[in-house]
>>> print(open('run-v9.pdb').read())   # PDB, N, CA and C atoms
ATOM      1  N   VAL E  64     -59.024-117.113 -55.816
ATOM      2  CA  VAL E  64     -58.404-117.304 -57.112
ATOM      3  C   VAL E  64     -58.437-115.988 -57.862
ATOM      4  N   GLU E  65     -57.296-115.557 -58.338
ATOM      5  CA  GLU E  65     -57.199-114.305 -59.076
ATOM      6  C   GLU E  65     -57.653-114.512 -60.506
ATOM      7  N   ARG E  66     -58.497-113.609 -61.001
ATOM      8  CA  ARG E  66     -59.017-113.725 -62.360
ATOM      9  C   ARG E  66     -58.587-112.538 -63.182
ATOM     10  N   GLY E  67     -58.654-112.697 -64.486
ATOM     11  CA  GLY E  67     -58.341-111.608 -65.388
ATOM     12  C   GLY E  67     -56.860-111.537 -65.674
ATOM     13  N   PRO E  68     -56.477-110.569 -66.518
ATOM     14  CA  PRO E  68     -55.063-110.445 -66.887
ATOM     15  C   PRO E  68     -54.207-110.022 -65.699
ATOM     16  N   THR E  69     -52.998-110.462 -65.683
ATOM     17  CA  THR E  69     -52.081-110.054 -64.625
ATOM     18  C   THR E  69     -51.150-108.987 -65.168
ATOM     19  N   LEU E  70     -50.623-108.187 -64.291
ATOM     20  CA  LEU E  70     -49.704-107.130 -64.692
ATOM     21  C   LEU E  70     -48.328-107.720 -64.953
ATOM     22  N   GLY E  71     -47.681-107.244 -66.004
ATOM     23  CA  GLY E  71     -46.351-107.731 -66.330
ATOM     24  C   GLY E  71     -45.310-107.290 -65.318
ATOM     25  N   ARG E  72     -45.533-106.147 -64.704
ATOM     26  CA  ARG E  72     -44.607-105.658 -63.681
ATOM     27  C   ARG E  72     -45.424-104.980 -62.594
ATOM     28  N   THR E  73     -44.860-104.928 -61.427
ATOM     29  CA  THR E  73     -45.589-104.320 -60.322
ATOM     30  C   THR E  73     -44.828-103.114 -59.804
ATOM     31  N   HIS E  74     -45.507-102.304 -59.083
ATOM     32  CA  HIS E  74     -44.936-101.096 -58.497
ATOM     33  C   HIS E  74     -45.683-100.863 -57.193
ATOM     34  N   ASP E  75     -45.019-100.289 -56.209
ATOM     35  CA  ASP E  75     -45.678-100.097 -54.918
ATOM     36  C   ASP E  75     -46.847 -99.116 -54.978
ATOM     37  N   ARG E  76     -46.951 -98.324 -56.044
ATOM     38  CA  ARG E  76     -48.063 -97.386 -56.180
ATOM     39  C   ARG E  76     -49.089 -97.846 -57.214
ATOM     40  N   LEU E  77     -48.937 -99.056 -57.703
ATOM     41  CA  LEU E  77     -49.851 -99.612 -58.685
ATOM     42  C   LEU E  77     -50.615-100.756 -58.035
ATOM     43  N   HIS E  78     -51.926-100.665 -58.052
ATOM     44  CA  HIS E  78     -52.759-101.663 -57.395
ATOM     45  C   HIS E  78     -53.741-102.257 -58.382
ATOM     46  N   ARG E  79     -53.707-103.556 -58.536
ATOM     47  CA  ARG E  79     -54.665-104.247 -59.400
ATOM     48  C   ARG E  79     -55.870-104.609 -58.539
ATOM     49  N   LEU E  80     -56.992-103.969 -58.804
ATOM     50  CA  LEU E  80     -58.179-104.187 -57.995
ATOM     51  C   LEU E  80     -59.035-105.336 -58.511
ATOM     52  N   GLY E  81     -58.932-105.636 -59.796
ATOM     53  CA  GLY E  81     -59.825-106.635 -60.359
ATOM     54  C   GLY E  81     -61.235-106.072 -60.399
ATOM     55  N   PRO E  82     -62.225-106.936 -60.548
ATOM     56  CA  PRO E  82     -63.610-106.445 -60.579
ATOM     57  C   PRO E  82     -63.997-105.815 -59.234
ATOM     58  N   VAL E  83     -64.686-104.704 -59.307
ATOM     59  CA  VAL E  83     -65.167-104.040 -58.084
ATOM     60  C   VAL E  83     -66.681-103.874 -58.189
ATOM     61  N   PRO E  84     -67.363-103.849 -57.056
ATOM     62  CA  PRO E  84     -68.814-103.631 -57.092
ATOM     63  C   PRO E  84     -69.133-102.282 -57.746
ATOM     64  N   HIS E  85     -70.181-102.259 -58.533
ATOM     65  CA  HIS E  85     -70.565-101.051 -59.252
ATOM     66  C   HIS E  85     -70.714 -99.858 -58.319
ATOM     67  N   ASP E  86     -71.278-100.081 -57.154
ATOM     68  CA  ASP E  86     -71.500 -98.985 -56.204
ATOM     69  C   ASP E  86     -70.202 -98.376 -55.688
ATOM     70  N   ASP E  87     -69.095 -99.098 -55.777
ATOM     71  CA  ASP E  87     -67.802 -98.604 -55.295
ATOM     72  C   ASP E  87     -66.983 -97.903 -56.380
ATOM     73  N   ALA E  88     -67.384 -98.051 -57.634
ATOM     74  CA  ALA E  88     -66.565 -97.566 -58.752
ATOM     75  C   ALA E  88     -66.282 -96.065 -58.686
ATOM     76  N   LEU E  89     -67.293 -95.244 -58.448
ATOM     77  CA  LEU E  89     -67.072 -93.792 -58.429
ATOM     78  C   LEU E  89     -66.185 -93.368 -57.264
ATOM     79  N   ALA E  90     -66.325 -93.990 -56.125
ATOM     80  CA  ALA E  90     -65.467 -93.662 -54.984
ATOM     81  C   ALA E  90     -64.016 -94.012 -55.296
ATOM     82  N   ILE E  91     -63.803 -95.108 -55.991
ATOM     83  CA  ILE E  91     -62.436 -95.504 -56.364
ATOM     84  C   ILE E  91     -61.866 -94.515 -57.364
ATOM     85  N   ILE E  92     -62.644 -94.158 -58.379
ATOM     86  CA  ILE E  92     -62.167 -93.186 -59.372
ATOM     87  C   ILE E  92     -61.860 -91.855 -58.696
ATOM     88  N   ALA E  93     -62.715 -91.401 -57.800
ATOM     89  CA  ALA E  93     -62.507 -90.119 -57.112
ATOM     90  C   ALA E  93     -61.239 -90.117 -56.269
ATOM     91  N   SER E  94     -60.780 -91.282 -55.857
ATOM     92  CA  SER E  94     -59.580 -91.365 -55.020
ATOM     93  C   SER E  94     -58.279 -91.355 -55.825
ATOM     94  N   LEU E  95     -58.374 -91.393 -57.152
ATOM     95  CA  LEU E  95     -57.180 -91.457 -57.995
ATOM     96  C   LEU E  95     -56.464 -90.114 -58.079
ATOM     97  N   GLU E  96     -55.147 -90.176 -58.221
ATOM     98  CA  GLU E  96     -54.365 -88.963 -58.494
ATOM     99  C   GLU E  96     -54.464 -88.605 -59.971
ATOM    100  N   VAL E  97     -54.551 -89.615 -60.818
ATOM    101  CA  VAL E  97     -54.733 -89.435 -62.256
ATOM    102  C   VAL E  97     -55.435 -90.681 -62.786
ATOM    103  N   SER E  98     -56.305 -90.496 -63.758
ATOM    104  CA  SER E  98     -57.012 -91.603 -64.389
ATOM    105  C   SER E  98     -56.414 -91.806 -65.777
ATOM    106  N   VAL E  99     -55.994 -93.019 -66.075
ATOM    107  CA  VAL E  99     -55.389 -93.332 -67.365
ATOM    108  C   VAL E  99     -56.348 -94.220 -68.147
ATOM    109  N   VAL E 100     -56.738 -93.745 -69.315
ATOM    110  CA  VAL E 100     -57.599 -94.513 -70.210
ATOM    111  C   VAL E 100     -56.690 -95.062 -71.304
ATOM    112  N   CYS E 101     -56.336 -96.325 -71.166
ATOM    113  CA  CYS E 101     -55.281 -96.886 -72.025
ATOM    114  C   CYS E 101     -55.824 -97.903 -73.020
ATOM    115  N   ASN E 102     -56.748 -97.461 -73.874
ATOM    116  CA  ASN E 102     -57.278 -98.337 -74.912
ATOM    117  C   ASN E 102     -56.274 -98.513 -76.033
ATOM    118  N   ARG E 103     -56.211 -99.740 -76.534
ATOM    119  CA  ARG E 103     -55.433-100.000 -77.747
ATOM    120  C   ARG E 103     -56.264 -99.560 -78.933
ATOM    121  N   ASP E 104     -55.588 -99.189 -80.022
ATOM    122  CA  ASP E 104     -56.319 -98.802 -81.215
ATOM    123  C   ASP E 104     -56.957-100.049 -81.824
ATOM    124  N   GLY E 105     -58.224 -99.993 -82.050
ATOM    125  CA  GLY E 105     -58.955-101.111 -82.628
ATOM    126  C   GLY E 105     -60.411-100.732 -82.794
ATOM    127  N   LEU E 106     -61.180-101.622 -83.386
ATOM    128  CA  LEU E 106     -62.590-101.336 -83.648
ATOM    129  C   LEU E 106     -63.360-101.007 -82.377
ATOM    130  N   PHE E 107     -63.115-101.770 -81.314
ATOM    131  CA  PHE E 107     -63.834-101.511 -80.068
ATOM    132  C   PHE E 107     -63.504-100.126 -79.524
ATOM    133  N   ALA E 108     -62.223 -99.799 -79.440
ATOM    134  CA  ALA E 108     -61.815 -98.501 -78.883
ATOM    135  C   ALA E 108     -62.309 -97.346 -79.736
ATOM    136  N   ARG E 109     -62.409 -97.548 -81.036
ATOM    137  CA  ARG E 109     -62.896 -96.479 -81.917
ATOM    138  C   ARG E 109     -64.405 -96.301 -81.830
ATOM    139  N   ALA E 110     -65.105 -97.354 -81.413
ATOM    140  CA  ALA E 110     -66.570 -97.309 -81.415
ATOM    141  C   ALA E 110     -67.190 -97.079 -80.040
ATOM    142  N   CYS E 111     -66.471 -97.386 -78.966
ATOM    143  CA  CYS E 111     -67.096 -97.337 -77.641
ATOM    144  C   CYS E 111     -67.136 -95.922 -77.066
ATOM    145  N   HIS E 112     -68.082 -95.715 -76.173
ATOM    146  CA  HIS E 112     -68.162 -94.451 -75.437
ATOM    147  C   HIS E 112     -67.190 -94.536 -74.259
ATOM    148  N   PRO E 113     -66.314 -93.560 -74.088
ATOM    149  CA  PRO E 113     -65.297 -93.619 -73.032
ATOM    150  C   PRO E 113     -65.854 -93.245 -71.657
ATOM    151  N   MET E 114     -66.646 -94.140 -71.084
ATOM    152  CA  MET E 114     -67.336 -93.850 -69.829
ATOM    153  C   MET E 114     -66.375 -93.517 -68.697
ATOM    154  N   LYS E 115     -65.271 -94.243 -68.565
ATOM    155  CA  LYS E 115     -64.327 -93.972 -67.472
ATOM    156  C   LYS E 115     -63.713 -92.577 -67.621
ATOM    157  N   LEU E 116     -63.468 -92.140 -68.839
ATOM    158  CA  LEU E 116     -62.956 -90.787 -69.054
ATOM    159  C   LEU E 116     -63.991 -89.765 -68.596
ATOM    160  N   VAL E 117     -65.236 -89.955 -68.981
ATOM    161  CA  VAL E 117     -66.306 -89.031 -68.614
ATOM    162  C   VAL E 117     -66.507 -89.013 -67.099
ATOM    163  N   GLU E 118     -66.507 -90.193 -66.480
ATOM    164  CA  GLU E 118     -66.668 -90.262 -65.024
ATOM    165  C   GLU E 118     -65.499 -89.586 -64.316
ATOM    166  N   SER E 119     -64.285 -89.848 -64.782
ATOM    167  CA  SER E 119     -63.100 -89.246 -64.169
ATOM    168  C   SER E 119     -63.139 -87.733 -64.276
ATOM    169  N   ALA E 120     -63.399 -87.231 -65.475
ATOM    170  CA  ALA E 120     -63.462 -85.780 -65.680
ATOM    171  C   ALA E 120     -64.581 -85.161 -64.844
ATOM    172  N   GLY E 121     -65.714 -85.837 -64.769
ATOM    173  CA  GLY E 121     -66.841 -85.344 -63.984
ATOM    174  C   GLY E 121     -66.530 -85.254 -62.498
ATOM    175  N   LEU E 122     -65.617 -86.104 -62.040
ATOM    176  CA  LEU E 122     -65.211 -86.089 -60.635
ATOM    177  C   LEU E 122     -64.002 -85.184 -60.390
ATOM    178  N   GLY E 123     -63.523 -84.522 -61.450
ATOM    179  CA  GLY E 123     -62.389 -83.613 -61.315
ATOM    180  C   GLY E 123     -61.037 -84.308 -61.236
ATOM    181  N   VAL E 124     -60.970 -85.560 -61.667
ATOM    182  CA  VAL E 124     -59.707 -86.308 -61.645
ATOM    183  C   VAL E 124     -58.976 -86.041 -62.960
ATOM    184  N   PRO E 125     -57.705 -85.638 -62.918
ATOM    185  CA  PRO E 125     -56.945 -85.441 -64.160
ATOM    186  C   PRO E 125     -56.919 -86.729 -64.983
ATOM    187  N   VAL E 126     -56.983 -86.577 -66.311
ATOM    188  CA  VAL E 126     -57.057 -87.726 -67.210
ATOM    189  C   VAL E 126     -55.924 -87.668 -68.229
ATOM    190  N   VAL E 127     -55.350 -88.831 -68.490
ATOM    191  CA  VAL E 127     -54.417 -89.030 -69.592
ATOM    192  C   VAL E 127     -54.979 -90.199 -70.376
ATOM    193  N   ALA E 128     -55.063 -90.071 -71.714
ATOM    194  CA  ALA E 128     -55.741 -91.111 -72.487
ATOM    195  C   ALA E 128     -55.093 -91.324 -73.847
ATOM    196  N   ALA E 129     -55.251 -92.550 -74.339
ATOM    197  CA  ALA E 129     -54.819 -92.875 -75.693
ATOM    198  C   ALA E 129     -55.733 -92.160 -76.685
ATOM    199  N   ALA E 130     -55.144 -91.552 -77.690
ATOM    200  CA  ALA E 130     -55.903 -90.784 -78.681
ATOM    201  C   ALA E 130     -56.563 -91.732 -79.679
ATOM    202  N   VAL E 131     -57.694 -92.307 -79.267
ATOM    203  CA  VAL E 131     -58.424 -93.266 -80.091
ATOM    204  C   VAL E 131     -59.899 -92.912 -80.065
ATOM    205  N   GLY E 132     -60.528 -92.885 -81.220
ATOM    206  CA  GLY E 132     -61.972 -92.719 -81.315
ATOM    207  C   GLY E 132     -62.507 -91.494 -80.610
ATOM    208  N   GLU E 133     -63.576 -91.703 -79.849
ATOM    209  CA  GLU E 133     -64.263 -90.616 -79.155
ATOM    210  C   GLU E 133     -63.360 -89.923 -78.137
ATOM    211  N   VAL E 134     -62.421 -90.656 -77.557
ATOM    212  CA  VAL E 134     -61.474 -90.067 -76.599
ATOM    213  C   VAL E 134     -60.691 -88.949 -77.274
ATOM    214  N   ALA E 135     -60.195 -89.215 -78.469
ATOM    215  CA  ALA E 135     -59.424 -88.201 -79.200
ATOM    216  C   ALA E 135     -60.278 -86.973 -79.491
ATOM    217  N   ARG E 136     -61.544 -87.179 -79.822
ATOM    218  CA  ARG E 136     -62.440 -86.052 -80.099
ATOM    219  C   ARG E 136     -62.735 -85.258 -78.826
ATOM    220  N   LEU E 137     -63.036 -85.961 -77.736
ATOM    221  CA  LEU E 137     -63.362 -85.280 -76.485
ATOM    222  C   LEU E 137     -62.195 -84.479 -75.930
ATOM    223  N   LEU E 138     -60.974 -84.973 -76.138
ATOM    224  CA  LEU E 138     -59.796 -84.296 -75.596
ATOM    225  C   LEU E 138     -59.002 -83.546 -76.669
ATOM    226  N   ALA E 139     -59.625 -83.259 -77.797
ATOM    227  CA  ALA E 139     -58.933 -82.570 -78.898
ATOM    228  C   ALA E 139     -58.331 -81.234 -78.459
ATOM    229  N   GLY E 140     -58.990 -80.546 -77.559
ATOM    230  CA  GLY E 140     -58.476 -79.270 -77.061
ATOM    231  C   GLY E 140     -57.448 -79.424 -75.954
ATOM    232  N   ARG E 141     -57.128 -80.646 -75.584
ATOM    233  CA  ARG E 141     -56.163 -80.927 -74.521
ATOM    234  C   ARG E 141     -55.101 -81.906 -75.014
ATOM    235  N   PRO E 142     -54.290 -81.524 -76.010
ATOM    236  CA  PRO E 142     -53.285 -82.452 -76.541
ATOM    237  C   PRO E 142     -52.302 -82.944 -75.478
ATOM    238  N   ASP E 143     -52.141 -82.182 -74.388
ATOM    239  CA  ASP E 143     -51.259 -82.603 -73.298
ATOM    240  C   ASP E 143     -51.818 -83.790 -72.526
ATOM    241  N   ALA E 144     -53.105 -84.085 -72.714
ATOM    242  CA  ALA E 144     -53.746 -85.204 -72.029
ATOM    243  C   ALA E 144     -53.832 -86.456 -72.909
ATOM    244  N   LEU E 145     -53.330 -86.365 -74.139
ATOM    245  CA  LEU E 145     -53.412 -87.481 -75.082
ATOM    246  C   LEU E 145     -52.031 -88.071 -75.366
ATOM    247  N   TYR E 146     -52.013 -89.353 -75.628
ATOM    248  CA  TYR E 146     -50.794 -90.004 -76.112
ATOM    249  C   TYR E 146     -51.177 -90.975 -77.224
ATOM    250  N   SER E 147     -50.200 -91.335 -78.047
ATOM    251  CA  SER E 147     -50.443 -92.258 -79.145
ATOM    252  C   SER E 147     -50.686 -93.654 -78.615
ATOM    253  N   PRO E 148     -51.721 -94.348 -79.112
ATOM    254  CA  PRO E 148     -51.975 -95.710 -78.645
ATOM    255  C   PRO E 148     -50.734 -96.590 -78.855
ATOM    256  N   GLY E 149     -50.414 -97.391 -77.872
ATOM    257  CA  GLY E 149     -49.258 -98.274 -77.963
ATOM    258  C   GLY E 149     -47.969 -97.641 -77.506
ATOM    259  N   ASP E 150     -47.976 -96.330 -77.229
ATOM    260  CA  ASP E 150     -46.766 -95.634 -76.766
ATOM    261  C   ASP E 150     -46.663 -95.745 -75.256
ATOM    262  N   SER E 151     -45.805 -96.619 -74.790
ATOM    263  CA  SER E 151     -45.665 -96.806 -73.343
ATOM    264  C   SER E 151     -44.580 -95.920 -72.743
ATOM    265  N   GLY E 152     -43.942 -95.108 -73.548
ATOM    266  CA  GLY E 152     -42.873 -94.236 -73.062
ATOM    267  C   GLY E 152     -43.382 -92.947 -72.709
TER     268      GLY E 152
END
>>> encode(input="run-v9.pdb", output="structure tokens")
Amino acid sequence: VERGPTLGRTHDRLHRLGPVPHDDALAIIASLEVSVVCNRDGLFARACHPMKLVESAGLGVPVVAAAVGEVARLLAGRPDALYSPGDSG
């Protein structure tokens, strides 16, 4: 049984993994061509520590992220890596 939100559209290069074992998370992140941190603007996104961004950057994976909270501060020197929250274009 599939759990969690489903994707509105699919693509042959987009894979929904669902929950993965913690021990596999870094290997999966390291295998990415780009890591996208797509938080919506809200209290949670403004307050949380962007662990996936930090893990991705630490593994040398290029990152693109919504400019929200700590993410915007961490990537302030990389405006090319930021996009406005809610901008899907």
>>> select_by_dssp(input="run-v9.pdb", residues="chain E", states="alpha helix (DSSP H)", output="list in words")
His85, Asp86, Asp87, Ala88, Leu89, Ala90, Ile91, Ile92, Ala93, Leu106, Phe107, Ala108, Arg109, Ala110, Met114, Lys115, Leu116, Val117, Glu118, Ser119, Ala120, Gly121, Gly132, Glu133, Val134, Ala135, Arg136 and Leu137 of chain E
>>> closest_residue(input="run-v9.pdb", among="E:Leu138, E:Leu80, E:Ala88, E:Leu106", to="Ala120 of chain E", atoms="only C-alpha atoms")
E:Leu138
>>> closest_residue(input="run-v9.pdb", among="E:Leu122, E:His74, E:Glu133, E:Ala128", to="Ala93 of chain E", atoms="only N, CA and C atoms")
E:Leu122
>>> resolve_selection(input="run-v9.pdb", expression="the PyMOL selection byres ((chain E and resi 95-101) around 5)", output="PyMOL selection string")
chain E and resi 91-94+102-103+125-129
>>> write_last_selection(input="run-v9.pdb", atoms="N, CA and C atoms", output="JSON list (two decimals), in the coordinates of the input")
[["chain", "number", "residue", "atom", "x", "y", "z"],
["E", 91, "ILE", "N", -63.80, -95.11, -55.99],
["E", 91, "ILE", "CA", -62.44, -95.50, -56.36],
["E", 91, "ILE", "C", -61.87, -94.52, -57.36],
["E", 92, "ILE", "N", -62.64, -94.16, -58.38],
["E", 92, "ILE", "CA", -62.17, -93.19, -59.37],
["E", 92, "ILE", "C", -61.86, -91.86, -58.70],
["E", 93, "ALA", "N", -62.72, -91.40, -57.80],
["E", 93, "ALA", "CA", -62.51, -90.12, -57.11],
["E", 93, "ALA", "C", -61.24, -90.12, -56.27],
["E", 94, "SER", "N", -60.78, -91.28, -55.86],
["E", 94, "SER", "CA", -59.58, -91.36, -55.02],
["E", 94, "SER", "C", -58.28, -91.36, -55.82],
["E", 102, "ASN", "N", -56.75, -97.46, -73.87],
["E", 102, "ASN", "CA", -57.28, -98.34, -74.91],
["E", 102, "ASN", "C", -56.27, -98.51, -76.03],
["E", 103, "ARG", "N", -56.21, -99.74, -76.53],
["E", 103, "ARG", "CA", -55.43, -100.00, -77.75],
["E", 103, "ARG", "C", -56.26, -99.56, -78.93],
["E", 125, "PRO", "N", -57.70, -85.64, -62.92],
["E", 125, "PRO", "CA", -56.94, -85.44, -64.16],
["E", 125, "PRO", "C", -56.92, -86.73, -64.98],
["E", 126, "VAL", "N", -56.98, -86.58, -66.31],
["E", 126, "VAL", "CA", -57.06, -87.73, -67.21],
["E", 126, "VAL", "C", -55.92, -87.67, -68.23],
["E", 127, "VAL", "N", -55.35, -88.83, -68.49],
["E", 127, "VAL", "CA", -54.42, -89.03, -69.59],
["E", 127, "VAL", "C", -54.98, -90.20, -70.38],
["E", 128, "ALA", "N", -55.06, -90.07, -71.71],
["E", 128, "ALA", "CA", -55.74, -91.11, -72.49],
["E", 128, "ALA", "C", -55.09, -91.32, -73.85],
["E", 129, "ALA", "N", -55.25, -92.55, -74.34],
["E", 129, "ALA", "CA", -54.82, -92.88, -75.69],
["E", 129, "ALA", "C", -55.73, -92.16, -76.68]]
>>> residues_around(input="run-v9.pdb", residues="Ala130 of chain E", least_positions_apart="3", cutoff="7 Å", atoms="only C-alpha atoms", output="MDAnalysis selection string")
chainID E and resid 134:135 145:148
>>> atom_distance(input="run-v9.pdb", atom1="atom N of Asp104 of chain E", atom2="atom N of Val131 of chain E")
7.2 Å
>>> atom_distance(input="run-v9.pdb", atom1="atom C of Ala90 of chain E", atom2="atom C of Glu118 of chain E")
10.2 Å
>>> atom_distance(input="run-v9.pdb", atom1="atom CA of Leu89 of chain E", atom2="atom CA of Ser119 of chain E")
8.3 Å
>>> select_by_dssp(input="run-v9.pdb", residues="chain E", states="strand (DSSP E)", output="VMD selection string")
chain E and resid 98 to 100 126 to 129 145 to 146
>>> residues_around(input="run-v9.pdb", residues="Gly132 of chain E", least_positions_apart="4", cutoff="6.5 Å", atoms="only N, CA and C atoms", output="list in words")
Ala108, Arg109, Ala110, Arg136 and Leu137 of chain E
>>> axis_aligned_box(input="run-v9.pdb", around="segment 102-110 of chain E", padding_each_side="6 Å", output="AutoDock Vina command-line options")
--center_x -61.3 --center_y -99.0 --center_z -78.8 --size_x 23.8 --size_y 17.5 --size_z 21.8
